[in-house]
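Dropping query-v5.pdb in here (PDB, C-alpha atoms and all ligand atoms):
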ATOM      1  CA  MET A   1      38.255 199.511 138.841  1.00  0.00           C
ATOM      2  CA  ALA A   2      41.816 199.681 137.527  1.00  0.00           C
ATOM      3  CA  ALA A   3      43.893 202.806 138.128  1.00  0.00           C
ATOM      4  CA  PRO A   4      44.333 205.196 135.185  1.00  0.00           C
ATOM      5  CA  THR A   5      46.772 203.585 132.823  1.00  0.00           C
ATOM      6  CA  LEU A   6      46.642 205.505 129.550  1.00  0.00           C
ATOM      7  CA  ARG A   7      50.020 206.732 128.438  1.00  0.00           C
ATOM      8  CA  LYS A   8      51.587 208.797 125.719  1.00  0.00           C
ATOM      9  CA  PRO A   9      50.689 207.534 122.240  1.00  0.00           C
ATOM     10  CA  ASP A  10      53.170 205.581 120.149  1.00  0.00           C
ATOM     11  CA  SER A  11      52.971 204.955 116.434  1.00  0.00           C
ATOM     12  CA  LEU A  12      51.182 201.710 115.648  1.00  0.00           C
ATOM     13  CA  ALA A  13      54.092 200.553 113.504  1.00  0.00           C
ATOM     14  CA  ALA A  14      56.537 201.096 116.391  1.00  0.00           C
ATOM     15  CA  LEU A  15      54.219 199.334 118.818  1.00  0.00           C
ATOM     16  CA  ARG A  16      53.781 196.379 116.487  1.00  0.00           C
ATOM     17  CA  ALA A  17      57.550 196.065 116.052  1.00  0.00           C
ATOM     18  CA  GLU A  18      58.090 196.178 119.818  1.00  0.00           C
ATOM     19  CA  ALA A  19      55.319 193.658 120.495  1.00  0.00           C
ATOM     20  CA  ALA A  20      56.900 191.220 118.031  1.00  0.00           C
ATOM     21  CA  HIS A  21      59.594 190.594 120.687  1.00  0.00           C
ATOM     22  CA  CYS A  22      57.294 190.499 123.722  1.00  0.00           C
ATOM     23  CA  ARG A  23      58.367 188.043 126.419  1.00  0.00           C
ATOM     24  CA  ALA A  24      56.054 189.312 129.176  1.00  0.00           C
ATOM     25  CA  CYS A  25      54.487 185.853 129.630  1.00  0.00           C
ATOM     26  CA  PRO A  26      55.482 182.378 128.432  1.00  0.00           C
ATOM     27  CA  LEU A  27      52.962 182.190 125.556  1.00  0.00           C
ATOM     28  CA  TRP A  28      55.499 183.436 122.981  1.00  0.00           C
ATOM     29  CA  LYS A  29      57.464 180.195 123.324  1.00  0.00           C
ATOM     30  CA  ASN A  30      54.974 177.964 121.478  1.00  0.00           C
ATOM     31  CA  ALA A  31      53.225 180.519 119.293  1.00  0.00           C
ATOM     32  CA  THR A  32      54.380 181.245 115.744  1.00  0.00           C
ATOM     33  CA  GLN A  33      54.333 185.012 116.188  1.00  0.00           C
ATOM     34  CA  THR A  34      52.755 187.951 117.991  1.00  0.00           C
ATOM     35  CA  VAL A  35      49.421 188.764 116.376  1.00  0.00           C
ATOM     36  CA  PHE A  36      49.059 192.507 116.773  1.00  0.00           C
ATOM     37  CA  GLY A  37      45.947 194.591 116.131  1.00  0.00           C
ATOM     38  CA  GLU A  38      45.071 195.874 112.696  1.00  0.00           C
ATOM     39  CA  GLY A  39      43.104 198.749 111.245  1.00  0.00           C
ATOM     40  CA  PRO A  40      43.163 202.490 110.532  1.00  0.00           C
ATOM     41  CA  PRO A  41      45.436 204.370 112.977  1.00  0.00           C
ATOM     42  CA  HIS A  42      42.583 206.550 114.267  1.00  0.00           C
ATOM     43  CA  ALA A  43      39.604 204.263 113.869  1.00  0.00           C
ATOM     44  CA  PRO A  44      36.575 205.418 115.906  1.00  0.00           C
ATOM     45  CA  LEU A  45      35.793 201.830 116.905  1.00  0.00           C
ATOM     46  CA  MET A  46      38.147 199.267 118.444  1.00  0.00           C
ATOM     47  CA  LEU A  47      37.031 195.638 118.663  1.00  0.00           C
ATOM     48  CA  VAL A  48      38.821 193.455 121.196  1.00  0.00           C
ATOM     49  CA  GLY A  49      38.746 189.657 121.024  1.00  0.00           C
ATOM     50  CA  GLU A  50      40.347 187.033 123.245  1.00  0.00           C
ATOM     51  CA  GLN A  51      43.517 185.787 121.556  1.00  0.00           C
ATOM     52  CA  PRO A  52      44.564 184.650 118.084  1.00  0.00           C
ATOM     53  CA  GLY A  53      43.459 181.165 117.064  1.00  0.00           C
ATOM     54  CA  ASP A  54      45.286 178.628 114.919  1.00  0.00           C
ATOM     55  CA  LYS A  55      44.687 180.472 111.619  1.00  0.00           C
ATOM     56  CA  GLU A  56      45.546 183.887 113.079  1.00  0.00           C
ATOM     57  CA  ASP A  57      48.758 182.525 114.623  1.00  0.00           C
ATOM     58  CA  LEU A  58      49.890 181.348 111.190  1.00  0.00           C
ATOM     59  CA  ALA A  59      48.702 184.417 109.260  1.00  0.00           C
ATOM     60  CA  GLY A  60      49.852 186.994 111.840  1.00  0.00           C
ATOM     61  CA  LYS A  61      46.479 188.770 111.552  1.00  0.00           C
ATOM     62  CA  PRO A  62      43.532 188.915 113.957  1.00  0.00           C
ATOM     63  CA  PHE A  63      40.180 187.289 113.166  1.00  0.00           C
ATOM     64  CA  VAL A  64      40.944 185.614 109.859  1.00  0.00           C
ATOM     65  CA  GLY A  65      39.698 182.111 110.813  1.00  0.00           C
ATOM     66  CA  PRO A  66      36.192 180.748 111.536  1.00  0.00           C
ATOM     67  CA  ALA A  67      35.489 183.269 114.337  1.00  0.00           C
ATOM     68  CA  GLY A  68      36.614 186.034 111.980  1.00  0.00           C
ATOM     69  CA  MET A  69      34.177 184.855 109.312  1.00  0.00           C
ATOM     70  CA  MET A  70      31.351 184.949 111.830  1.00  0.00           C
ATOM     71  CA  LEU A  71      32.491 188.388 112.982  1.00  0.00           C
ATOM     72  CA  ASP A  72      32.546 189.663 109.391  1.00  0.00           C
ATOM     73  CA  ARG A  73      28.951 188.460 108.884  1.00  0.00           C
ATOM     74  CA  VAL A  74      27.705 190.164 112.022  1.00  0.00           C
ATOM     75  CA  LEU A  75      29.606 193.386 111.280  1.00  0.00           C
ATOM     76  CA  ALA A  76      28.119 193.520 107.784  1.00  0.00           C
ATOM     77  CA  GLU A  77      24.638 192.946 109.166  1.00  0.00           C
ATOM     78  CA  ALA A  78      25.136 195.734 111.719  1.00  0.00           C
ATOM     79  CA  GLY A  79      26.331 198.096 108.978  1.00  0.00           C
ATOM     80  CA  ILE A  80      29.942 198.338 110.176  1.00  0.00           C
ATOM     81  CA  ALA A  81      32.723 198.224 107.567  1.00  0.00           C
ATOM     82  CA  ARG A  82      35.567 196.076 108.895  1.00  0.00           C
ATOM     83  CA  GLY A  83      38.080 198.169 106.947  1.00  0.00           C
ATOM     84  CA  LYS A  84      37.144 201.206 109.016  1.00  0.00           C
ATOM     85  CA  ILE A  85      37.630 199.681 112.455  1.00  0.00           C
ATOM     86  CA  TYR A  86      40.625 198.601 114.517  1.00  0.00           C
ATOM     87  CA  VAL A  87      40.544 194.905 115.457  1.00  0.00           C
ATOM     88  CA  THR A  88      42.765 193.450 118.159  1.00  0.00           C
ATOM     89  CA  ASN A  89      42.933 190.845 120.917  1.00  0.00           C
ATOM     90  CA  ALA A  90      43.398 191.000 124.687  1.00  0.00           C
ATOM     91  CA  VAL A  91      46.186 188.408 124.433  1.00  0.00           C
ATOM     92  CA  LYS A  92      48.468 188.543 121.425  1.00  0.00           C
ATOM     93  CA  HIS A  93      49.925 185.047 121.330  1.00  0.00           C
ATOM     94  CA  PHE A  94      48.038 181.826 120.562  1.00  0.00           C
ATOM     95  CA  LYS A  95      47.680 179.600 123.632  1.00  0.00           C
ATOM     96  CA  PHE A  96      47.083 175.957 122.765  1.00  0.00           C
ATOM     97  CA  VAL A  97      47.805 172.343 123.594  1.00  0.00           C
ATOM     98  CA  PRO A  98      48.872 170.006 120.778  1.00  0.00           C
ATOM     99  CA  ARG A  99      46.476 167.078 120.124  1.00  0.00           C
ATOM    100  CA  GLY A 100      47.920 165.021 117.302  1.00  0.00           C
ATOM    101  CA  LYS A 101      47.943 167.291 114.258  1.00  0.00           C
ATOM    102  CA  ILE A 102      45.575 169.783 115.863  1.00  0.00           C
ATOM    103  CA  ARG A 103      46.428 172.711 118.145  1.00  0.00           C
ATOM    104  CA  LEU A 104      43.615 172.971 120.657  1.00  0.00           C
ATOM    105  CA  HIS A 105      42.765 176.479 121.873  1.00  0.00           C
ATOM    106  CA  GLN A 106      43.276 177.116 125.603  1.00  0.00           C
ATOM    107  CA  LYS A 107      41.734 180.014 127.494  1.00  0.00           C
ATOM    108  CA  PRO A 108      44.353 182.553 128.631  1.00  0.00           C
ATOM    109  CA  SER A 109      44.906 182.827 132.394  1.00  0.00           C
ATOM    110  CA  THR A 110      44.552 186.034 134.417  1.00  0.00           C
ATOM    111  CA  PRO A 111      48.373 186.489 134.658  1.00  0.00           C
ATOM    112  CA  GLU A 112      48.596 186.140 130.853  1.00  0.00           C
ATOM    113  CA  ILE A 113      45.776 188.648 130.328  1.00  0.00           C
ATOM    114  CA  ARG A 114      47.497 191.059 132.733  1.00  0.00           C
ATOM    115  CA  ALA A 115      50.894 190.598 131.118  1.00  0.00           C
ATOM    116  CA  CYS A 116      49.426 191.453 127.722  1.00  0.00           C
ATOM    117  CA  ARG A 117      47.259 194.367 128.870  1.00  0.00           C
ATOM    118  CA  PRO A 118      49.908 197.057 128.307  1.00  0.00           C
ATOM    119  CA  TRP A 119      49.714 196.317 124.569  1.00  0.00           C
ATOM    120  CA  TYR A 120      45.970 196.916 124.526  1.00  0.00           C
ATOM    121  CA  GLU A 121      46.443 200.081 126.621  1.00  0.00           C
ATOM    122  CA  ARG A 122      49.070 201.391 124.237  1.00  0.00           C
ATOM    123  CA  GLU A 123      46.982 200.512 121.191  1.00  0.00           C
ATOM    124  CA  ARG A 124      44.061 202.373 122.730  1.00  0.00           C
ATOM    125  CA  ALA A 125      46.178 205.378 123.700  1.00  0.00           C
ATOM    126  CA  THR A 126      47.436 205.528 120.115  1.00  0.00           C
ATOM    127  CA  VAL A 127      44.219 204.895 118.182  1.00  0.00           C
ATOM    128  CA  ARG A 128      41.998 206.783 120.674  1.00  0.00           C
ATOM    129  CA  PRO A 129      38.754 205.134 119.592  1.00  0.00           C
ATOM    130  CA  ALA A 130      35.490 206.662 120.790  1.00  0.00           C
ATOM    131  CA  LEU A 131      34.161 203.182 121.465  1.00  0.00           C
ATOM    132  CA  VAL A 132      35.821 199.924 122.503  1.00  0.00           C
ATOM    133  CA  VAL A 133      33.789 196.739 122.035  1.00  0.00           C
ATOM    134  CA  ALA A 134      34.946 193.870 124.243  1.00  0.00           C
ATOM    135  CA  MET A 135      33.900 190.534 122.765  1.00  0.00           C
ATOM    136  CA  GLY A 136      33.773 187.813 125.415  1.00  0.00           C
ATOM    137  CA  ALA A 137      35.006 187.426 128.970  1.00  0.00           C
ATOM    138  CA  THR A 138      38.752 187.671 128.324  1.00  0.00           C
ATOM    139  CA  ALA A 139      38.362 190.889 126.331  1.00  0.00           C
ATOM    140  CA  ALA A 140      36.055 192.355 128.984  1.00  0.00           C
ATOM    141  CA  GLN A 141      38.583 191.487 131.707  1.00  0.00           C
ATOM    142  CA  SER A 142      41.324 193.257 129.788  1.00  0.00           C
ATOM    143  CA  VAL A 143      39.271 196.313 128.799  1.00  0.00           C
ATOM    144  CA  PHE A 144      37.943 196.935 132.341  1.00  0.00           C
ATOM    145  CA  GLY A 145      40.995 195.653 134.195  1.00  0.00           C
ATOM    146  CA  ARG A 146      38.866 193.231 136.216  1.00  0.00           C
ATOM    147  CA  ILE A 147      36.487 190.307 135.718  1.00  0.00           C
ATOM    148  CA  THR A 148      33.374 191.733 134.053  1.00  0.00           C
ATOM    149  CA  PRO A 149      30.483 189.292 133.455  1.00  0.00           C
ATOM    150  CA  ILE A 150      29.055 189.500 129.934  1.00  0.00           C
ATOM    151  CA  GLY A 151      25.403 188.752 130.753  1.00  0.00           C
ATOM    152  CA  LYS A 152      25.093 191.535 133.331  1.00  0.00           C
ATOM    153  CA  ASN A 153      26.944 194.166 131.312  1.00  0.00           C
ATOM    154  CA  ARG A 154      26.243 193.549 127.649  1.00  0.00           C
ATOM    155  CA  GLY A 155      24.234 195.752 125.360  1.00  0.00           C
ATOM    156  CA  ARG A 156      24.828 199.151 126.993  1.00  0.00           C
ATOM    157  CA  LEU A 157      27.442 201.844 126.744  1.00  0.00           C
ATOM    158  CA  ILE A 158      29.745 201.986 129.760  1.00  0.00           C
ATOM    159  CA  ALA A 159      32.117 204.882 130.489  1.00  0.00           C
ATOM    160  CA  LEU A 160      35.748 203.782 130.653  1.00  0.00           C
ATOM    161  CA  ALA A 161      37.027 204.843 134.061  1.00  0.00           C
ATOM    162  CA  ASP A 162      40.627 205.173 132.871  1.00  0.00           C
ATOM    163  CA  SER A 163      39.632 207.376 129.964  1.00  0.00           C
ATOM    164  CA  ASP A 164      40.743 210.963 129.554  1.00  0.00           C
ATOM    165  CA  ASP A 165      38.825 211.212 126.276  1.00  0.00           C
ATOM    166  CA  GLU A 166      35.288 210.171 127.284  1.00  0.00           C
ATOM    167  CA  ALA A 167      35.646 206.889 125.434  1.00  0.00           C
ATOM    168  CA  LYS A 168      32.909 204.337 126.002  1.00  0.00           C
ATOM    169  CA  ALA A 169      32.950 200.573 126.086  1.00  0.00           C
ATOM    170  CA  LEU A 170      30.392 197.997 125.076  1.00  0.00           C
ATOM    171  CA  VAL A 171      30.510 194.379 126.202  1.00  0.00           C
ATOM    172  CA  THR A 172      29.179 191.594 124.021  1.00  0.00           C
ATOM    173  CA  VAL A 173      29.754 187.922 123.293  1.00  0.00           C
ATOM    174  CA  HIS A 174      32.701 186.480 121.410  1.00  0.00           C
ATOM    175  CA  PRO A 175      31.905 185.301 117.861  1.00  0.00           C
ATOM    176  CA  SER A 176      33.215 181.786 118.691  1.00  0.00           C
ATOM    177  CA  TYR A 177      30.428 181.483 121.243  1.00  0.00           C
ATOM    178  CA  LEU A 178      27.948 181.453 118.346  1.00  0.00           C
ATOM    179  CA  LEU A 179      29.951 178.741 116.592  1.00  0.00           C
ATOM    180  CA  ARG A 180      29.815 176.512 119.662  1.00  0.00           C
ATOM    181  CA  LEU A 181      26.042 176.658 120.258  1.00  0.00           C
ATOM    182  CA  PRO A 182      24.505 173.219 119.711  1.00  0.00           C
ATOM    183  CA  ASP A 183      21.074 173.994 118.259  1.00  0.00           C
ATOM    184  CA  ALA A 184      19.660 176.187 115.521  1.00  0.00           C
ATOM    185  CA  ALA A 185      17.208 178.029 117.789  1.00  0.00           C
ATOM    186  CA  SER A 186      19.869 179.222 120.248  1.00  0.00           C
ATOM    187  CA  LYS A 187      22.218 180.039 117.373  1.00  0.00           C
ATOM    188  CA  ALA A 188      19.552 182.248 115.766  1.00  0.00           C
ATOM    189  CA  ARG A 189      18.681 183.932 119.071  1.00  0.00           C
ATOM    190  CA  GLU A 190      22.307 184.637 120.039  1.00  0.00           C
ATOM    191  CA  TYR A 191      23.218 185.746 116.536  1.00  0.00           C
ATOM    192  CA  ALA A 192      20.397 188.316 116.607  1.00  0.00           C
ATOM    193  CA  ALA A 193      21.524 189.537 120.054  1.00  0.00           C
ATOM    194  CA  PHE A 194      25.121 189.923 118.830  1.00  0.00           C
ATOM    195  CA  VAL A 195      23.917 191.899 115.794  1.00  0.00           C
ATOM    196  CA  ARG A 196      21.832 194.115 118.130  1.00  0.00           C
ATOM    197  CA  ASP A 197      24.896 194.866 120.271  1.00  0.00           C
ATOM    198  CA  LEU A 198      26.925 195.847 117.228  1.00  0.00           C
ATOM    199  CA  GLU A 199      24.016 197.916 115.879  1.00  0.00           C
ATOM    200  CA  LEU A 200      24.176 199.871 119.135  1.00  0.00           C
ATOM    201  CA  ALA A 201      27.877 200.459 118.447  1.00  0.00           C
ATOM    202  CA  ALA A 202      27.082 201.583 114.885  1.00  0.00           C
ATOM    203  CA  SER A 203      24.360 203.959 116.045  1.00  0.00           C
ATOM    204  CA  PHE A 204      26.641 205.472 118.726  1.00  0.00           C
ATOM    205  CA  LEU A 205      29.273 206.145 116.072  1.00  0.00           C
ATOM    206  CA  ARG A 206      26.716 207.651 113.672  1.00  0.00           C
ATOM    207  CA  LYS A 207      25.502 210.034 116.390  1.00  0.00           C
ATOM    208  CA  LEU A 208      29.060 211.005 117.244  1.00  0.00           C
ATOM    209  CA  LYS A 209      29.800 211.767 113.600  1.00  0.00           C
ATOM    210  CA  ALA A 210      26.640 213.835 113.280  1.00  0.00           C
ATOM    211  CA  ALA A 211      27.333 215.860 116.467  1.00  0.00           C
TER     212      ALA A 211
HETATM  213  N1  LIG B 301      39.412 184.527 118.384  1.00  0.00           N
HETATM  214  C1  LIG B 301      39.866 185.699 118.900  1.00  0.00           C
HETATM  215  O1  LIG B 301      39.520 186.082 120.004  1.00  0.00           O
HETATM  216  N2  LIG B 301      40.678 186.423 118.173  1.00  0.00           N
HETATM  217  C2  LIG B 301      41.093 186.093 116.961  1.00  0.00           C
HETATM  218  O2  LIG B 301      41.866 186.839 116.369  1.00  0.00           O
HETATM  219  C3  LIG B 301      40.604 184.862 116.443  1.00  0.00           C
HETATM  220  C4  LIG B 301      39.782 184.107 117.160  1.00  0.00           C
END
Encoded form using structure tokens:
Amino acid sequence: MAAPTLRKPDSLAALRAEAAHCRACPLWKNATQTVFGEGPPHAPLMLVGEQPGDKEDLAGKPFVGPAGMMLDRVLAEAGIARGKIYVTNAVKHFKFVPRGKIRLHQKPSTPEIRACRPWYERERATVRPALVVAMGATAAQSVFGRITPIGKNRGRLIALADSDDEAKALVTVHPSYLLRLPDAASKAREYAAFVRDLELAASFLRKLKAA
């Protein structure tokens, strides 16, 4: 488990401005811009994805492309209002290889995930969410500071070892995973499982509010 890393909170606006000039790994060179997290400054729930895709790189906002549309559907089904949560990515620049007119997504490497982790840590220290949902393997690696398999860990609340505020984490799949599934039966099954994971997040937050 990673050593405690939380630090003094910044303002999100200051963090975003600083991150716009990040050169901690080479991904900034080909990306259009840093895509920083977005949402209310003290949202109770923080969702972490992998990295911006083509649409997010151009718009400068997380989860506005096809994966974002899938995420919005699942959030609505789980009863979570996107406007009330903080949405970010483990890696804040788009990693791709050009293929003709298309920019093909590339998975970020461990050094890139590590280089970007301080931004996630500082976002978390600032927002102080009660629950962090890591969507997919890259997000889980960043949130826990080590490789954390999805299958073995999904669907349950896990205490964050570096937390001084009793924050919990929940691991689930990445919305793009659902888009890549080849057949309707597995799509339906995995969609339902993703909704269940986010319903667990919603119910945790409801209980916290009621306490
Ligand atoms: N996939 C991600 O992980 N994040 C985004 O913002 C978009 C697609």
What residues come out when you apply the PyMOL selection byres (((not hetatm)) within 7 of (chain B and resi 301)) to this file, written as a short mmCIF file (atom, residue, chain, number, x, y, z; two decimals) with C-alpha atoms, keeping the file's coordinate frame?
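Wrote part-v2.cif, looks like this:
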data_model
loop_
_atom_site.label_atom_id
_atom_site.label_comp_id
_atom_site.auth_asym_id
_atom_site.auth_seq_id
_atom_site.Cartn_x
_atom_site.Cartn_y
_atom_site.Cartn_z
CA GLY A 49 38.75 189.66 121.02
CA GLU A 50 40.35 187.03 123.24
CA GLN A 51 43.52 185.79 121.56
CA PRO A 52 44.56 184.65 118.08
CA GLY A 53 43.46 181.16 117.06
CA GLU A 56 45.55 183.89 113.08
CA LYS A 61 46.48 188.77 111.55
CA PRO A 62 43.53 188.92 113.96
CA PHE A 63 40.18 187.29 113.17
CA VAL A 64 40.94 185.61 109.86
CA GLY A 65 39.70 182.11 110.81
CA ALA A 67 35.49 183.27 114.34
CA GLY A 68 36.61 186.03 111.98
CA THR A 88 42.76 193.45 118.16
CA ASN A 89 42.93 190.84 120.92
CA HIS A 174 32.70 186.48 121.41
CA SER A 176 33.22 181.79 118.69
#
Kindly assemble as a Markdown table a list of the region 75-121 of chain A residues that lie within 7 Å of region 20-37 of chain A, each paired with its nearest atom pair and their distance in Å to one decimal, using all atoms listed in the file, sorted first by chain and then by ascending residue number.
| residue | atom | partner | partner_atom | distance |
| --- | --- | --- | --- | --- |
| A:Tyr86 | CA | A:Gly37 | CA | 6.9 |
| A:Val87 | CA | A:Gly37 | CA | 5.5 |
| A:Thr88 | CA | A:Gly37 | CA | 3.9 |
| A:Asn89 | CA | A:Gly37 | CA | 6.8 |
| A:Lys92 | CA | A:Val35 | CA | 5.1 |
| A:His93 | CA | A:Thr34 | CA | 5.3 |
| A:Phe94 | CA | A:Ala31 | CA | 5.5 |
| A:Lys95 | CA | A:Leu27 | CA | 6.2 |
| A:Glu112 | CA | A:Cys25 | CA | 6.0 |
| A:Ala115 | CA | A:Ala24 | CA | 5.7 |
Once you have the residues from the selection above, write them out as a PDB file, in the frame of the given file, restricted to C-alpha atoms.
ATOM      1  CA  TYR A  86      40.625 198.601 114.517  1.00  0.00           C
ATOM      2  CA  VAL A  87      40.544 194.905 115.457  1.00  0.00           C
ATOM      3  CA  THR A  88      42.765 193.450 118.159  1.00  0.00           C
ATOM      4  CA  ASN A  89      42.933 190.845 120.917  1.00  0.00           C
ATOM      5  CA  LYS A  92      48.468 188.543 121.425  1.00  0.00           C
ATOM      6  CA  HIS A  93      49.925 185.047 121.330  1.00  0.00           C
ATOM      7  CA  PHE A  94      48.038 181.826 120.562  1.00  0.00           C
ATOM      8  CA  LYS A  95      47.680 179.600 123.632  1.00  0.00           C
ATOM      9  CA  GLU A 112      48.596 186.140 130.853  1.00  0.00           C
ATOM     10  CA  ALA A 115      50.894 190.598 131.118  1.00  0.00           C
TER      11      ALA A 115
END
- prompt: Could you state the separation of CA of Met135 (chain A) and CA of Leu47 (chain A) in Å, given to one decimal place?
  reply: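 Between CA of Met135 (chain A) and CA of Leu47 (chain A) the gap works out to 7.3 Å.
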Using all atoms listed in the file, tabulate the residues of region 34-83 of chain A lying at most 12 Å from any atom of region 203-208 of chain A, each with its closest atom pair and that distance in Å to one decimal, by chain and increasing residue number, as CSV.
residue,atom,partner,partner_atom,distance
A:Ala43,CA,A:Leu205,CA,10.7
A:Pro44,CA,A:Leu205,CA,7.3
A:Leu45,CA,A:Leu205,CA,7.9
A:Met46,CA,A:Leu205,CA,11.5
A:Ala78,CA,A:Ser203,CA,9.3
A:Gly79,CA,A:Ser203,CA,9.4
A:Ile80,CA,A:Leu205,CA,9.8
Test item: the PyMOL selection byres (((chain A and resi 119-134) around 7) and not hetatm) resolved as a VMD selection string: chain A and resid 6 to 12 41 to 49 90 116 to 118 135 to 136 139 to 140 143 167 to 172
message: Please compute the CA of Ser142 (chain A)-CA of Val91 (chain A) distance, one decimal, in Å.
response: 8.7 Å
message: Just the number, please: distance in Å from CA of Ile158 (chain A) to CA of Ile113 (chain A), one decimal.
response: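 That distance, rounded to one decimal, is 20.9 Å.
Here, the PyMOL selection byres (((chain A and resi 191-198) around 8) and not hetatm) matches A:Val74, A:Leu75, A:Glu77, A:Ala78, A:Arg154, A:Gly155, A:Arg156, A:Leu170, A:Thr172, A:Val173, A:Leu178, A:Lys187, A:Ala188, A:Arg189, A:Glu190, A:Glu199, A:Leu200, A:Ala201, A:Ala202.
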Would you fill out region 79-93 of chain A with N, CA, C and O atoms and return it as a PDB file, in the coordinates of the input?
ATOM      1  N   GLY A  79      25.991 196.899 109.760  1.00  0.00           N
ATOM      2  CA  GLY A  79      26.331 198.096 108.978  1.00  0.00           C
ATOM      3  C   GLY A  79      27.681 198.699 109.344  1.00  0.00           C
ATOM      4  O   GLY A  79      27.896 199.897 109.217  1.00  0.00           O
ATOM      5  N   ILE A  80      28.600 197.849 109.812  1.00  0.00           N
ATOM      6  CA  ILE A  80      29.942 198.338 110.176  1.00  0.00           C
ATOM      7  C   ILE A  80      30.952 197.777 109.173  1.00  0.00           C
ATOM      8  O   ILE A  80      31.020 196.563 108.966  1.00  0.00           O
ATOM      9  N   ALA A  81      31.718 198.675 108.543  1.00  0.00           N
ATOM     10  CA  ALA A  81      32.723 198.224 107.567  1.00  0.00           C
ATOM     11  C   ALA A  81      33.986 197.811 108.313  1.00  0.00           C
ATOM     12  O   ALA A  81      34.584 198.623 109.037  1.00  0.00           O
ATOM     13  N   ARG A  82      34.381 196.563 108.145  1.00  0.00           N
ATOM     14  CA  ARG A  82      35.567 196.076 108.895  1.00  0.00           C
ATOM     15  C   ARG A  82      36.812 196.902 108.568  1.00  0.00           C
ATOM     16  O   ARG A  82      37.662 197.119 109.425  1.00  0.00           O
ATOM     17  N   GLY A  83      36.910 197.385 107.344  1.00  0.00           N
ATOM     18  CA  GLY A  83      38.080 198.169 106.947  1.00  0.00           C
ATOM     19  C   GLY A  83      38.191 199.504 107.670  1.00  0.00           C
ATOM     20  O   GLY A  83      39.235 200.146 107.629  1.00  0.00           O
ATOM     21  N   LYS A  84      37.115 199.901 108.329  1.00  0.00           N
ATOM     22  CA  LYS A  84      37.144 201.206 109.016  1.00  0.00           C
ATOM     23  C   LYS A  84      37.331 201.074 110.517  1.00  0.00           C
ATOM     24  O   LYS A  84      37.274 202.073 111.245  1.00  0.00           O
ATOM     25  N   ILE A  85      37.491 199.848 111.003  1.00  0.00           N
ATOM     26  CA  ILE A  85      37.630 199.681 112.455  1.00  0.00           C
ATOM     27  C   ILE A  85      38.972 199.037 112.791  1.00  0.00           C
ATOM     28  O   ILE A  85      39.606 198.415 111.928  1.00  0.00           O
ATOM     29  N   TYR A  86      39.375 199.188 114.050  1.00  0.00           N
ATOM     30  CA  TYR A  86      40.625 198.601 114.517  1.00  0.00           C
ATOM     31  C   TYR A  86      40.262 197.310 115.267  1.00  0.00           C
ATOM     32  O   TYR A  86      39.438 197.335 116.179  1.00  0.00           O
ATOM     33  N   VAL A  87      40.877 196.207 114.864  1.00  0.00           N
ATOM     34  CA  VAL A  87      40.544 194.905 115.457  1.00  0.00           C
ATOM     35  C   VAL A  87      41.775 194.349 116.155  1.00  0.00           C
ATOM     36  O   VAL A  87      42.860 194.272 115.556  1.00  0.00           O
ATOM     37  N   THR A  88      41.616 193.973 117.421  1.00  0.00           N
ATOM     38  CA  THR A  88      42.765 193.450 118.159  1.00  0.00           C
ATOM     39  C   THR A  88      42.303 192.363 119.130  1.00  0.00           C
ATOM     40  O   THR A  88      41.129 191.991 119.173  1.00  0.00           O
ATOM     41  N   ASN A  89      43.233 191.869 119.919  1.00  0.00           N
ATOM     42  CA  ASN A  89      42.933 190.845 120.917  1.00  0.00           C
ATOM     43  C   ASN A  89      43.523 191.240 122.264  1.00  0.00           C
ATOM     44  O   ASN A  89      44.545 191.933 122.317  1.00  0.00           O
ATOM     45  N   ALA A  90      42.892 190.738 123.338  1.00  0.00           N
ATOM     46  CA  ALA A  90      43.398 191.000 124.687  1.00  0.00           C
ATOM     47  C   ALA A  90      44.770 190.357 124.874  1.00  0.00           C
ATOM     48  O   ALA A  90      45.660 190.917 125.511  1.00  0.00           O
ATOM     49  N   VAL A  91      44.927 189.164 124.323  1.00  0.00           N
ATOM     50  CA  VAL A  91      46.186 188.408 124.433  1.00  0.00           C
ATOM     51  C   VAL A  91      46.706 188.204 123.009  1.00  0.00           C
ATOM     52  O   VAL A  91      45.949 187.818 122.124  1.00  0.00           O
ATOM     53  N   LYS A  92      47.979 188.462 122.802  1.00  0.00           N
ATOM     54  CA  LYS A  92      48.468 188.543 121.425  1.00  0.00           C
ATOM     55  C   LYS A  92      49.295 187.346 120.961  1.00  0.00           C
ATOM     56  O   LYS A  92      49.861 187.364 119.868  1.00  0.00           O
ATOM     57  N   HIS A  93      49.341 186.315 121.792  1.00  0.00           N
ATOM     58  CA  HIS A  93      49.925 185.047 121.330  1.00  0.00           C
ATOM     59  C   HIS A  93      48.882 183.937 121.458  1.00  0.00           C
ATOM     60  O   HIS A  93      48.069 183.949 122.386  1.00  0.00           O
TER      61      HIS A  93
END
